[in-house]
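Structure data (mmCIF, C-alpha atoms and all ligand atoms) from run.cif:
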```
data_protein
loop_
_atom_site.group_PDB
_atom_site.id
_atom_site.type_symbol
_atom_site.label_atom_id
_atom_site.label_comp_id
_atom_site.auth_asym_id
_atom_site.auth_seq_id
_atom_site.Cartn_x
_atom_site.Cartn_y
_atom_site.Cartn_z
ATOM 1 C CA MET A 197 -6.189 -18.258 -54.914
ATOM 2 C CA SER A 198 -5.422 -17.903 -51.190
ATOM 3 C CA ASP A 199 -2.874 -15.395 -49.884
ATOM 4 C CA LYS A 200 -0.904 -18.305 -48.461
ATOM 5 C CA THR A 201 -0.616 -20.006 -51.863
ATOM 6 C CA SER A 202 0.369 -16.775 -53.563
ATOM 7 C CA ASP A 203 3.017 -16.136 -50.867
ATOM 8 C CA ILE A 204 4.471 -19.611 -51.450
ATOM 9 C CA GLU A 205 4.550 -19.001 -55.209
ATOM 10 C CA LEU A 206 6.171 -15.607 -54.675
ATOM 11 C CA ARG A 207 8.886 -17.148 -52.510
ATOM 12 C CA LEU A 208 9.550 -19.806 -55.147
ATOM 13 C CA LEU A 209 9.659 -17.168 -57.886
ATOM 14 C CA LEU A 210 12.302 -15.172 -55.980
ATOM 15 C CA GLU A 211 14.217 -18.381 -55.297
ATOM 16 C CA GLY A 212 14.093 -19.275 -59.005
ATOM 17 C CA ILE A 213 15.319 -15.832 -60.090
ATOM 18 C CA PHE A 214 18.191 -16.146 -57.609
ATOM 19 C CA GLU A 215 19.220 -19.657 -58.639
ATOM 20 C CA GLN A 216 18.956 -19.014 -62.369
ATOM 21 C CA TYR A 217 20.240 -15.439 -62.637
ATOM 22 C CA SER A 218 21.953 -14.692 -59.252
ATOM 23 C CA TYR A 219 19.742 -11.650 -58.638
ATOM 24 C CA ASP A 220 18.835 -11.932 -54.983
ATOM 25 C CA PHE A 221 15.541 -10.258 -54.043
ATOM 26 C CA ARG A 222 14.761 -12.750 -51.269
ATOM 27 C CA GLY A 223 15.707 -10.222 -48.575
ATOM 28 C CA TYR A 224 13.623 -7.361 -49.909
ATOM 29 C CA SER A 225 10.627 -6.054 -48.047
ATOM 30 C CA ARG A 226 7.949 -8.578 -49.040
ATOM 31 C CA ALA A 227 4.931 -6.277 -49.209
ATOM 32 C CA SER A 228 6.460 -3.931 -51.765
ATOM 33 C CA ILE A 229 8.085 -6.726 -53.803
ATOM 34 C CA LYS A 230 4.711 -8.475 -53.959
ATOM 35 C CA ARG A 231 2.967 -5.314 -55.115
ATOM 36 C CA ARG A 232 5.528 -4.735 -57.852
ATOM 37 C CA LEU A 233 5.614 -8.369 -58.973
ATOM 38 C CA ASN A 234 1.829 -8.325 -59.206
ATOM 39 C CA GLN A 235 2.184 -5.448 -61.679
ATOM 40 C CA ALA A 236 4.803 -7.477 -63.580
ATOM 41 C CA ARG A 237 2.559 -10.532 -63.553
ATOM 42 C CA GLU A 238 -0.255 -8.503 -65.136
ATOM 43 C CA HIS A 239 2.135 -6.975 -67.664
ATOM 44 C CA PHE A 240 3.210 -10.439 -68.818
ATOM 45 C CA GLY A 241 -0.378 -11.704 -68.832
ATOM 46 C CA CYS A 242 0.333 -14.378 -66.204
ATOM 47 C CA SER A 243 -2.452 -15.381 -63.837
ATOM 48 C CA THR A 244 -0.127 -16.591 -61.050
ATOM 49 C CA PHE A 245 3.429 -16.076 -59.780
ATOM 50 C CA SER A 246 4.104 -19.677 -60.791
ATOM 51 C CA ALA A 247 3.219 -18.809 -64.385
ATOM 52 C CA LEU A 248 5.539 -15.820 -64.193
ATOM 53 C CA GLN A 249 8.241 -18.068 -62.752
ATOM 54 C CA GLU A 250 7.897 -20.385 -65.709
ATOM 55 C CA ARG A 251 8.209 -17.460 -68.140
ATOM 56 C CA VAL A 252 11.323 -15.998 -66.542
ATOM 57 C CA LEU A 253 13.088 -19.333 -66.018
ATOM 58 C CA HIS A 254 12.589 -20.387 -69.623
ATOM 59 C CA ASP A 255 13.158 -17.037 -71.323
ATOM 60 C CA SER A 256 16.120 -14.920 -70.214
ATOM 61 C CA ALA A 257 14.798 -12.012 -72.310
ATOM 62 C CA VAL A 258 12.051 -11.606 -69.673
ATOM 63 C CA LEU A 259 14.558 -10.803 -66.920
ATOM 64 C CA PRO A 260 15.541 -7.225 -67.913
ATOM 65 C CA LYS A 261 11.872 -6.207 -68.034
ATOM 66 C CA LEU A 262 11.234 -7.922 -64.715
ATOM 67 C CA LEU A 263 14.146 -5.979 -63.225
ATOM 68 C CA THR A 264 12.392 -2.737 -64.102
ATOM 69 C CA TYR A 265 9.557 -3.868 -61.804
ATOM 70 C CA LEU A 266 11.844 -5.232 -59.097
ATOM 71 C CA THR A 267 14.012 -2.111 -58.797
ATOM 72 C CA VAL A 268 12.514 1.335 -58.319
ATOM 73 C CA GLN A 269 14.167 3.956 -60.500
ATOM 74 C CA VAL A 270 12.864 7.262 -59.159
ATOM 75 C CA SER A 271 15.525 9.961 -58.787
ATOM 76 C CA ASP A 272 16.375 13.597 -59.551
ATOM 77 C CA LEU A 273 19.459 15.753 -59.690
ATOM 78 C CA PHE A 274 20.066 17.223 -56.220
ATOM 79 C CA ARG A 275 17.031 15.272 -54.986
ATOM 80 C CA ASP A 276 16.225 16.487 -51.443
ATOM 81 C CA PRO A 277 18.423 19.593 -51.782
ATOM 82 C CA ALA A 278 18.830 19.951 -47.999
ATOM 83 C CA TYR A 279 20.949 16.777 -48.008
ATOM 84 C CA PHE A 280 23.365 18.284 -50.539
ATOM 85 C CA ARG A 281 23.420 21.587 -48.649
ATOM 86 C CA SER A 282 24.470 19.686 -45.518
ATOM 87 C CA ILE A 283 27.201 17.883 -47.452
ATOM 88 C CA ARG A 284 28.409 21.179 -48.854
ATOM 89 C CA GLU A 285 28.374 23.061 -45.573
ATOM 90 C CA LEU A 286 29.170 20.392 -42.979
ATOM 91 C CA ILE A 287 30.918 17.449 -44.660
ATOM 92 C CA VAL A 288 33.026 19.172 -47.341
ATOM 93 C CA PRO A 289 35.134 21.082 -44.745
ATOM 94 C CA HIS A 290 36.201 17.675 -43.327
ATOM 95 C CA LEU A 291 36.745 16.144 -46.755
ATOM 96 C CA LYS A 292 39.030 19.067 -47.632
ATOM 97 C CA THR A 293 41.506 17.820 -45.039
ATOM 98 C CA TYR A 294 42.230 14.667 -47.111
ATOM 99 C CA PRO A 295 44.769 14.798 -49.967
ATOM 100 C CA SER A 296 42.747 12.237 -51.939
ATOM 101 C CA LEU A 297 39.161 11.061 -51.647
ATOM 102 C CA LYS A 298 37.083 8.023 -52.499
ATOM 103 C CA VAL A 299 33.305 8.356 -52.603
ATOM 104 C CA TRP A 300 30.869 5.482 -53.111
ATOM 105 C CA VAL A 301 27.366 6.182 -54.397
ATOM 106 C CA ALA A 302 25.588 2.879 -53.703
ATOM 107 C CA GLY A 303 22.341 2.295 -55.618
ATOM 108 C CA CYS A 304 23.129 5.132 -58.018
ATOM 109 C CA GLY A 305 20.182 4.369 -60.325
ATOM 110 C CA SER A 306 20.386 6.404 -63.528
ATOM 111 C CA GLY A 307 23.189 8.554 -62.184
ATOM 112 C CA GLU A 308 21.404 11.641 -60.890
ATOM 113 C CA GLU A 309 22.957 11.339 -57.418
ATOM 114 C CA VAL A 310 26.534 10.855 -58.624
ATOM 115 C CA TYR A 311 26.298 13.749 -61.129
ATOM 116 C CA SER A 312 24.946 15.934 -58.315
ATOM 117 C CA LEU A 313 27.951 15.053 -56.164
ATOM 118 C CA ALA A 314 30.384 15.502 -59.065
ATOM 119 C CA ILE A 315 28.999 19.007 -59.665
ATOM 120 C CA LEU A 316 29.080 19.812 -55.950
ATOM 121 C CA PHE A 317 32.665 18.549 -55.609
ATOM 122 C CA ARG A 318 33.719 20.626 -58.634
ATOM 123 C CA GLU A 319 32.117 23.724 -57.149
ATOM 124 C CA GLU A 320 33.896 23.079 -53.863
ATOM 125 C CA GLY A 321 37.299 22.453 -55.457
ATOM 126 C CA LEU A 322 37.412 18.744 -54.532
ATOM 127 C CA GLU A 323 36.859 17.171 -57.929
ATOM 128 C CA ASP A 324 40.489 16.648 -58.923
ATOM 129 C CA ARG A 325 41.348 14.690 -55.809
ATOM 130 C CA THR A 326 38.226 12.496 -55.854
ATOM 131 C CA LEU A 327 37.394 9.124 -57.335
ATOM 132 C CA PHE A 328 33.690 8.247 -57.355
ATOM 133 C CA TYR A 329 32.361 4.696 -57.459
ATOM 134 C CA ALA A 330 28.763 4.568 -58.675
ATOM 135 C CA THR A 331 27.168 1.145 -58.288
ATOM 136 C CA ASP A 332 23.813 -0.491 -58.912
ATOM 137 C CA ILE A 333 22.367 -3.899 -59.755
ATOM 138 C CA ASN A 334 20.246 -2.730 -62.664
ATOM 139 C CA PRO A 335 22.297 -2.840 -65.913
ATOM 140 C CA GLU A 336 19.857 -0.594 -67.765
ATOM 141 C CA ALA A 337 20.098 2.049 -65.023
ATOM 142 C CA LEU A 338 23.911 1.844 -65.079
ATOM 143 C CA LYS A 339 23.898 2.305 -68.855
ATOM 144 C CA ASN A 340 21.732 5.413 -68.484
ATOM 145 C CA ALA A 341 23.967 6.653 -65.675
ATOM 146 C CA GLU A 342 27.044 6.376 -67.895
ATOM 147 C CA ALA A 343 25.254 8.183 -70.702
ATOM 148 C CA GLY A 344 24.288 11.124 -68.452
ATOM 149 C CA VAL A 345 21.418 12.204 -70.692
ATOM 150 C CA TYR A 346 18.170 13.398 -69.130
ATOM 151 C CA SER A 347 14.944 14.656 -70.596
ATOM 152 C CA MET A 348 14.909 18.447 -70.968
ATOM 153 C CA ASP A 349 11.580 18.691 -69.187
ATOM 154 C CA ARG A 350 13.289 17.584 -65.942
ATOM 155 C CA ILE A 351 15.760 20.480 -66.074
ATOM 156 C CA PRO A 352 13.597 23.131 -64.317
ATOM 157 C CA LEU A 353 13.312 20.919 -61.215
ATOM 158 C CA PHE A 354 17.021 19.976 -61.378
ATOM 159 C CA THR A 355 17.922 23.680 -61.630
ATOM 160 C CA GLU A 356 15.722 24.598 -58.677
ATOM 161 C CA ASN A 357 17.143 21.730 -56.594
ATOM 162 C CA HIS A 358 20.710 22.747 -57.452
ATOM 163 C CA ARG A 359 19.996 26.327 -56.386
ATOM 164 C CA LYS A 360 18.414 25.156 -53.111
ATOM 165 C CA SER A 361 21.425 22.929 -52.427
ATOM 166 C CA GLY A 362 23.602 26.054 -52.356
ATOM 167 C CA GLY A 363 24.864 25.652 -55.953
ATOM 168 C CA LYS A 364 27.598 28.150 -56.735
ATOM 169 C CA SER A 365 27.174 28.232 -60.505
ATOM 170 C CA SER A 366 24.439 27.859 -63.058
ATOM 171 C CA LEU A 367 23.350 24.272 -63.703
ATOM 172 C CA SER A 368 23.341 25.115 -67.414
ATOM 173 C CA ASP A 369 27.165 25.247 -67.203
ATOM 174 C CA TYR A 370 27.106 21.446 -66.867
ATOM 175 C CA TYR A 371 24.971 20.304 -69.782
ATOM 176 C CA THR A 372 24.256 21.039 -73.410
ATOM 177 C CA ALA A 373 20.767 20.935 -74.836
ATOM 178 C CA ALA A 374 20.190 18.601 -77.770
ATOM 179 C CA TYR A 375 16.556 18.824 -78.899
ATOM 180 C CA ASP A 376 14.547 17.532 -75.938
ATOM 181 C CA ALA A 377 17.547 16.134 -74.033
ATOM 182 C CA ALA A 378 20.129 17.597 -71.673
ATOM 183 C CA VAL A 379 23.501 15.941 -72.197
ATOM 184 C CA PHE A 380 25.665 16.300 -69.106
ATOM 185 C CA ASP A 381 29.273 17.291 -69.610
ATOM 186 C CA LYS A 382 31.515 14.256 -70.149
ATOM 187 C CA SER A 383 34.173 15.814 -67.934
ATOM 188 C CA LEU A 384 31.858 15.237 -64.935
ATOM 189 C CA LYS A 385 32.248 11.487 -65.266
ATOM 190 C CA LYS A 386 35.956 11.330 -65.941
ATOM 191 C CA ARG A 387 36.475 10.570 -62.263
ATOM 192 C CA VAL A 388 33.508 8.208 -61.936
ATOM 193 C CA VAL A 389 33.748 4.411 -62.132
ATOM 194 C CA PHE A 390 30.333 2.880 -62.857
ATOM 195 C CA SER A 391 29.984 -0.717 -61.825
ATOM 196 C CA ASP A 392 27.611 -3.563 -61.189
ATOM 197 C CA HIS A 393 27.484 -4.286 -57.450
ATOM 198 C CA SER A 394 24.802 -5.699 -55.182
ATOM 199 C CA LEU A 395 24.483 -4.620 -51.581
ATOM 200 C CA VAL A 396 22.895 -7.961 -50.716
ATOM 201 C CA SER A 397 25.452 -10.297 -52.237
ATOM 202 C CA ASP A 398 28.720 -8.510 -53.119
ATOM 203 C CA THR A 399 31.667 -7.460 -50.980
ATOM 204 C CA VAL A 400 33.182 -4.251 -49.644
ATOM 205 C CA PHE A 401 34.998 -1.382 -51.342
ATOM 206 C CA ALA A 402 38.205 -0.149 -49.771
ATOM 207 C CA GLU A 403 39.006 3.038 -47.903
ATOM 208 C CA MET A 404 36.072 5.303 -48.669
ATOM 209 C CA GLN A 405 35.867 8.719 -47.045
ATOM 210 C CA PHE A 406 32.187 9.079 -47.908
ATOM 211 C CA VAL A 407 29.402 6.646 -48.801
ATOM 212 C CA SER A 408 26.069 7.967 -50.027
ATOM 213 C CA CYS A 409 23.223 5.470 -50.209
ATOM 214 C CA ARG A 410 19.800 7.038 -50.377
ATOM 215 C CA ASN A 411 16.399 5.543 -51.133
ATOM 216 C CA VAL A 412 17.757 2.012 -51.426
ATOM 217 C CA LEU A 413 17.639 0.480 -47.936
ATOM 218 C CA ILE A 414 13.905 1.221 -47.675
ATOM 219 C CA TYR A 415 13.331 -1.671 -50.093
ATOM 220 C CA PHE A 416 15.269 -4.164 -47.932
ATOM 221 C CA ASP A 417 14.174 -6.157 -44.898
ATOM 222 C CA LEU A 418 16.118 -5.646 -41.648
ATOM 223 C CA ASP A 419 18.678 -8.414 -42.271
ATOM 224 C CA ALA A 420 19.501 -7.114 -45.739
ATOM 225 C CA GLN A 421 19.727 -3.567 -44.361
ATOM 226 C CA ASP A 422 22.159 -4.784 -41.708
ATOM 227 C CA ARG A 423 24.269 -6.516 -44.324
ATOM 228 C CA ALA A 424 24.434 -3.354 -46.455
ATOM 229 C CA VAL A 425 25.257 -1.117 -43.500
ATOM 230 C CA GLY A 426 27.958 -3.628 -42.498
ATOM 231 C CA LEU A 427 29.467 -3.198 -45.975
ATOM 232 C CA PHE A 428 29.403 0.583 -45.587
ATOM 233 C CA LYS A 429 31.033 0.330 -42.170
ATOM 234 C CA ASP A 430 33.826 -1.907 -43.481
ATOM 235 C CA SER A 431 34.305 0.232 -46.586
ATOM 236 C CA LEU A 432 34.715 3.503 -44.688
ATOM 237 C CA VAL A 433 37.919 4.848 -43.223
ATOM 238 C CA ARG A 434 37.799 5.791 -39.558
ATOM 239 C CA LYS A 435 35.854 9.052 -39.213
ATOM 240 C CA GLY A 436 34.416 8.524 -42.724
ATOM 241 C CA PHE A 437 30.859 9.656 -43.474
ATOM 242 C CA LEU A 438 27.726 7.695 -44.365
ATOM 243 C CA GLY A 439 24.787 9.590 -45.868
ATOM 244 C CA LEU A 440 21.431 7.813 -45.920
ATOM 245 C CA GLY A 441 19.074 10.755 -46.552
ATOM 246 C CA ALA A 442 15.971 11.706 -44.618
ATOM 247 C CA LYS A 443 13.929 8.533 -45.319
ATOM 248 C CA GLU A 444 16.311 6.009 -43.763
ATOM 249 C CA SER A 445 18.179 5.710 -40.495
ATOM 250 C CA LEU A 446 20.460 3.483 -38.448
ATOM 251 C CA ARG A 447 17.976 3.372 -35.593
ATOM 252 C CA PHE A 448 17.289 -0.348 -35.817
ATOM 253 C CA SER A 449 20.653 -1.330 -37.232
ATOM 254 C CA GLN A 450 22.943 -3.741 -35.422
ATOM 255 C CA HIS A 451 25.788 -1.452 -36.545
ATOM 256 C CA SER A 452 24.364 1.738 -35.045
ATOM 257 C CA ASP A 453 27.005 1.789 -32.273
ATOM 258 C CA SER A 454 29.735 2.000 -34.897
ATOM 259 C CA PHE A 455 28.459 5.402 -36.046
ATOM 260 C CA SER A 456 27.673 8.739 -34.467
ATOM 261 C CA GLU A 457 24.969 11.041 -35.757
ATOM 262 C CA PHE A 458 26.571 13.915 -37.626
ATOM 263 C CA VAL A 459 23.629 15.670 -39.298
ATOM 264 C CA ARG A 460 20.492 14.333 -37.674
ATOM 265 C CA GLU A 461 17.822 15.578 -40.084
ATOM 266 C CA ASP A 462 19.623 14.320 -43.215
ATOM 267 C CA ARG A 463 20.790 11.091 -41.568
ATOM 268 C CA ILE A 464 24.443 11.702 -42.178
ATOM 269 C CA TYR A 465 26.577 9.588 -39.856
ATOM 270 C CA GLN A 466 30.264 9.479 -39.034
ATOM 271 C CA LYS A 467 32.043 6.202 -38.439
ATOM 272 C CA ARG A 468 33.449 6.148 -34.923
ATOM 273 C CA GLY A 469 37.190 6.228 -34.398
ATOM 274 C CA ALA A 470 37.693 2.690 -33.149
ATOM 275 C CA SER A 471 36.035 -0.343 -34.714
HETATM 276 C C1 LIG B 1 15.041 4.743 -55.901
HETATM 277 S S1 LIG B 1 16.592 4.399 -56.633
HETATM 278 C C2 LIG B 1 17.660 5.485 -55.743
HETATM 279 C C3 LIG B 1 18.533 6.323 -56.641
HETATM 280 C C4 LIG B 1 19.354 7.396 -55.922
HETATM 281 N N1 LIG B 1 20.197 6.804 -54.902
HETATM 282 C C5 LIG B 1 18.445 8.421 -55.301
HETATM 283 O O1 LIG B 1 18.259 8.444 -54.086
HETATM 284 O O2 LIG B 1 17.920 9.245 -56.045
HETATM 285 C C6 LIG B 1 16.989 2.813 -55.915
HETATM 286 C C7 LIG B 1 18.141 2.134 -56.631
HETATM 287 O O3 LIG B 1 18.624 1.044 -55.816
HETATM 288 C C8 LIG B 1 19.034 0.037 -56.707
HETATM 289 N N2 LIG B 1 19.138 -1.237 -55.965
HETATM 290 C C9 LIG B 1 18.145 -2.078 -55.624
HETATM 291 N N3 LIG B 1 18.655 -3.169 -55.003
HETATM 292 C C10 LIG B 1 19.989 -2.993 -54.967
HETATM 293 C C11 LIG B 1 21.077 -3.789 -54.460
HETATM 294 N N4 LIG B 1 20.861 -4.977 -53.894
HETATM 295 N N5 LIG B 1 22.333 -3.321 -54.588
HETATM 296 C C12 LIG B 1 22.561 -2.111 -55.188
HETATM 297 N N6 LIG B 1 21.590 -1.319 -55.677
HETATM 298 C C13 LIG B 1 20.321 -1.760 -55.577
HETATM 299 C C14 LIG B 1 17.965 0.043 -57.762
HETATM 300 O O4 LIG B 1 18.361 -0.621 -58.962
HETATM 301 C C15 LIG B 1 17.748 1.539 -57.959
HETATM 302 O O5 LIG B 1 18.577 2.041 -58.974
#
```

Mind turning the file's structure into structure tokens?
Ligand SMILES: C[S@@+](CC[C@H](N)C(=O)[O-])C[C@H]1O[C@@H](n2cnc3c(N)ncnc32)[C@H](O)[C@@H]1O
Amino acid sequence: MSDKTSDIELRLLLEGIFEQYSYDFRGYSRASIKRRLNQAREHFGCSTFSALQERVLHDSAVLPKLLTYLTVQVSDLFRDPAYFRSIRELIVPHLKTYPSLKVWVAGCGSGEEVYSLAILFREEGLEDRTLFYATDINPEALKNAEAGVYSMDRIPLFTENHRKSGGKSSLSDYYTAAYDAAVFDKSLKKRVVFSDHSLVSDTVFAEMQFVSCRNVLIYFDLDAQDRAVGLFKDSLVRKGFLGLGAKESLRFSQHSDSFSEFVREDRIYQKRGAS
């Protein structure tokens, strides 16, 4: 089959998923979506994207599995510790000036990023005044995020990351071991609202002081990235912070003028005063 035919079929597959299930992957970076849908196609034993389209349109049970291919679920607690060190040392002093705080973790995956921030905020004395919103499009990931249970064999890396991020306590204070699982303390999520939200099709959140969205925009094309950054801009208070992490930037964004660079290497931006 020619590349052109397979591209047409891919486009129709994404269109079908959108029309039938309202999951909109049409604005995702095509090369990586194609690679991942090719893996899905093989998994389902389909020879073409059209065959896969037929499967998913006629059997809704196929969708959750397909979502595991369409959304990448790699994460760790205190992933890229330098980012969390910058938040701790450079952003927290500003956040301390607010009597109450709202923090949005967009594309929270299985929760590692929001638990990292909840631990950091507790260590810095900000937890009681903060409400976290942790959002994602993948229901399975959100369910895992709410559970807060991670395999014990991931704990050495999590512990090392926490230490490198400037952690002020022992990570073991925040979980209990149950056989081969680490169950994170329920109290960490008492100020977290987990919810289904898509950066490509849903609307803004109100009055956030800090938005953290890492390793999500890389999967979007430029228009979808602009839409998401527009949401962040409209969701943030004046002088609020946007953390994208080292892999992403606002360099090509149509909203770049609305932000100033606050921590260059970790791509933490501050919304400008007037906008
Ligand atoms: C690689 S994970 C990033 C997890 C975490 N932020 C981190 O950096 O460790 C990417 C996440 O983005 C989510 N995602 C993909 N498209 C999305 C969208 N349109 N809106 C919100 N989240 C999305 C995926 O489901 C996945 O959980």

Open item on the list: For the provided coordinates, the residues matched by the PyMOL selection byres (((chain A and resi 314-324) around 10) and not hetatm) should be stated as a ChimeraX atom specification.
Closed with: /A:274,280-281,283-285,288-289,291-292,294-297,308-313,325-328,358,361-365,367,369-370,383-388

Each residue of chain A lying at most 8 Å from ligand LIG 1 (chain B) should get a row with its shortest atom-to-atom pair and the distance in Å to one decimal, counting all atoms listed in the file; could you produce that, ordered by chain and increasing number, as a Markdown table?
```
| residue | atom | partner | partner_atom | distance |
| --- | --- | --- | --- | --- |
| A:Asp220 | CA | B:LIG1 | N4 | 7.3 |
| A:Phe221 | CA | B:LIG1 | N4 | 7.5 |
| A:Leu266 | CA | B:LIG1 | C9 | 7.9 |
| A:Thr267 | CA | B:LIG1 | O4 | 4.6 |
| A:Val268 | CA | B:LIG1 | C1 | 4.9 |
| A:Gln269 | CA | B:LIG1 | S1 | 4.6 |
| A:Val270 | CA | B:LIG1 | C1 | 4.7 |
| A:Ser271 | CA | B:LIG1 | O2 | 3.7 |
| A:Asp272 | CA | B:LIG1 | O2 | 5.8 |
| A:Leu273 | CA | B:LIG1 | O2 | 7.6 |
| A:Arg275 | CA | B:LIG1 | O2 | 6.2 |
| A:Val301 | CA | B:LIG1 | N1 | 7.2 |
| A:Ala302 | CA | B:LIG1 | C12 | 6.0 |
| A:Gly303 | CA | B:LIG1 | N6 | 3.7 |
| A:Cys304 | CA | B:LIG1 | N1 | 4.6 |
| A:Gly305 | CA | B:LIG1 | O5 | 3.1 |
| A:Ser306 | CA | B:LIG1 | O5 | 6.6 |
| A:Gly307 | CA | B:LIG1 | C4 | 7.4 |
| A:Glu308 | CA | B:LIG1 | O2 | 6.4 |
| A:Glu309 | CA | B:LIG1 | C4 | 5.5 |
| A:Thr331 | CA | B:LIG1 | C12 | 6.4 |
| A:Asp332 | CA | B:LIG1 | N6 | 4.0 |
| A:Ile333 | CA | B:LIG1 | N6 | 4.9 |
| A:Asn334 | CA | B:LIG1 | O4 | 4.7 |
| A:Ala337 | CA | B:LIG1 | O5 | 6.2 |
| A:Asp392 | CA | B:LIG1 | C12 | 8.0 |
| A:His393 | CA | B:LIG1 | C12 | 5.8 |
| A:Ser394 | CA | B:LIG1 | N5 | 3.5 |
| A:Leu395 | CA | B:LIG1 | N5 | 3.9 |
| A:Val396 | CA | B:LIG1 | N4 | 4.8 |
| A:Ser397 | CA | B:LIG1 | N4 | 7.2 |
| A:Ser408 | CA | B:LIG1 | N1 | 7.7 |
| A:Cys409 | CA | B:LIG1 | N1 | 5.7 |
| A:Arg410 | CA | B:LIG1 | O1 | 4.3 |
| A:Asn411 | CA | B:LIG1 | O1 | 4.5 |
| A:Val412 | CA | B:LIG1 | O3 | 4.6 |
| A:Leu413 | CA | B:LIG1 | O3 | 8.0 |
| A:Tyr415 | CA | B:LIG1 | C9 | 7.3 |
| A:Phe416 | CA | B:LIG1 | N3 | 7.9 |
| A:Gly441 | CA | B:LIG1 | O1 | 7.9 |
```

- [ ] Would you translate the PyMOL selection byres (((chain A and resi 355) around 9) and not hetatm) into the concrete set of residues it matches in this file, as a PyMOL selection string?
- [x] chain A and resi 273-274+350-354+356-360+366-368

Task: Pairwise distance for CA of Phe406 (chain A) and CA of Ser225 (chain A), rounded to one decimal in Å - done: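 Result for CA of Phe406 (chain A) versus CA of Ser225 (chain A): 26.3 Å, one decimal.
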
Task: One-decimal distance in Å that lies between CA of Val299 (chain A) and CA of Ala402 (chain A) - done: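 A separation of 10.2 Å between them.
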
TODO: Would you work out the distance separating CA of Lys467 (chain A) from CA of Phe437 (chain A), expressed in Å to one decimal?
DONE: 6.2 Å

TODO: Name the closest residue to Pro260 (chain A) among the candidates A:Ile213, A:Phe448, A:Ala341, A:Tyr224; distances are taken between atoms, counting all atoms listed in the file.
DONE: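 So, comparing all the options, the nearest one is A:Ile213.
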
Task: Shell around Ser454 (chain A) at 10 Å using only C-alpha atoms, local window under 5 positions removed, as a list in words - done: Gly426, Lys429, Ser449, Tyr465, Gln466, Lys467, Arg468, Gly469, Ala470 and Ser471 of chain A

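If all atoms listed in the file are the atoms counted, then among A:Ser243, A:Ser256, A:Ser228, A:Ser218 the closest residue to Asp398 (chain A) is A:Ser218.
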
Student task, region 260-264 of chain A output with all heavy atoms as a PDB file, in the first residue's frame:
```
ATOM      1  N   PRO A 260     -10.581   1.796  24.702  1.00  0.00           N
ATOM      2  CA  PRO A 260      -9.636   1.963  25.811  1.00  0.00           C
ATOM      3  C   PRO A 260      -8.235   1.438  25.481  1.00  0.00           C
ATOM      4  O   PRO A 260      -7.230   2.056  25.821  1.00  0.00           O
ATOM      5  CB  PRO A 260     -10.266   1.158  26.954  1.00  0.00           C
ATOM      6  CG  PRO A 260     -11.717   1.104  26.616  1.00  0.00           C
ATOM      7  CD  PRO A 260     -11.800   1.105  25.123  1.00  0.00           C
ATOM      8  N   LYS A 261      -8.179   0.298  24.793  1.00  0.00           N
ATOM      9  CA  LYS A 261      -6.875  -0.262  24.418  1.00  0.00           C
ATOM     10  C   LYS A 261      -6.175   0.651  23.408  1.00  0.00           C
ATOM     11  O   LYS A 261      -4.971   0.898  23.494  1.00  0.00           O
ATOM     12  CB  LYS A 261      -7.090  -1.668  23.830  1.00  0.00           C
ATOM     13  CG  LYS A 261      -5.823  -2.388  23.491  1.00  0.00           C
ATOM     14  CD  LYS A 261      -5.082  -2.835  24.738  1.00  0.00           C
ATOM     15  CE  LYS A 261      -3.682  -3.318  24.410  1.00  0.00           C
ATOM     16  NZ  LYS A 261      -2.832  -3.452  25.589  1.00  0.00           N
ATOM     17  N   LEU A 262      -6.977   1.169  22.480  1.00  0.00           N
ATOM     18  CA  LEU A 262      -6.405   2.078  21.474  1.00  0.00           C
ATOM     19  C   LEU A 262      -5.842   3.333  22.149  1.00  0.00           C
ATOM     20  O   LEU A 262      -4.802   3.854  21.756  1.00  0.00           O
ATOM     21  CB  LEU A 262      -7.502   2.454  20.468  1.00  0.00           C
ATOM     22  CG  LEU A 262      -7.056   2.816  19.060  1.00  0.00           C
ATOM     23  CD1 LEU A 262      -6.171   1.742  18.463  1.00  0.00           C
ATOM     24  CD2 LEU A 262      -8.268   3.045  18.164  1.00  0.00           C
ATOM     25  N   LEU A 263      -6.535   3.788  23.197  1.00  0.00           N
ATOM     26  CA  LEU A 263      -6.058   4.976  23.915  1.00  0.00           C
ATOM     27  C   LEU A 263      -4.689   4.743  24.553  1.00  0.00           C
ATOM     28  O   LEU A 263      -3.905   5.677  24.704  1.00  0.00           O
ATOM     29  CB  LEU A 263      -7.055   5.383  25.019  1.00  0.00           C
ATOM     30  CG  LEU A 263      -8.322   6.113  24.578  1.00  0.00           C
ATOM     31  CD1 LEU A 263      -9.180   6.460  25.787  1.00  0.00           C
ATOM     32  CD2 LEU A 263      -7.997   7.376  23.793  1.00  0.00           C
ATOM     33  N   THR A 264      -4.412   3.495  24.921  1.00  0.00           N
ATOM     34  CA  THR A 264      -3.090   3.239  25.507  1.00  0.00           C
ATOM     35  C   THR A 264      -1.991   3.411  24.450  1.00  0.00           C
ATOM     36  O   THR A 264      -0.850   3.702  24.777  1.00  0.00           O
ATOM     37  CB  THR A 264      -2.974   1.832  26.156  1.00  0.00           C
ATOM     38  OG1 THR A 264      -3.059   0.855  25.118  1.00  0.00           O
ATOM     39  CG2 THR A 264      -4.029   1.594  27.202  1.00  0.00           C
TER      40      THR A 264
END
```
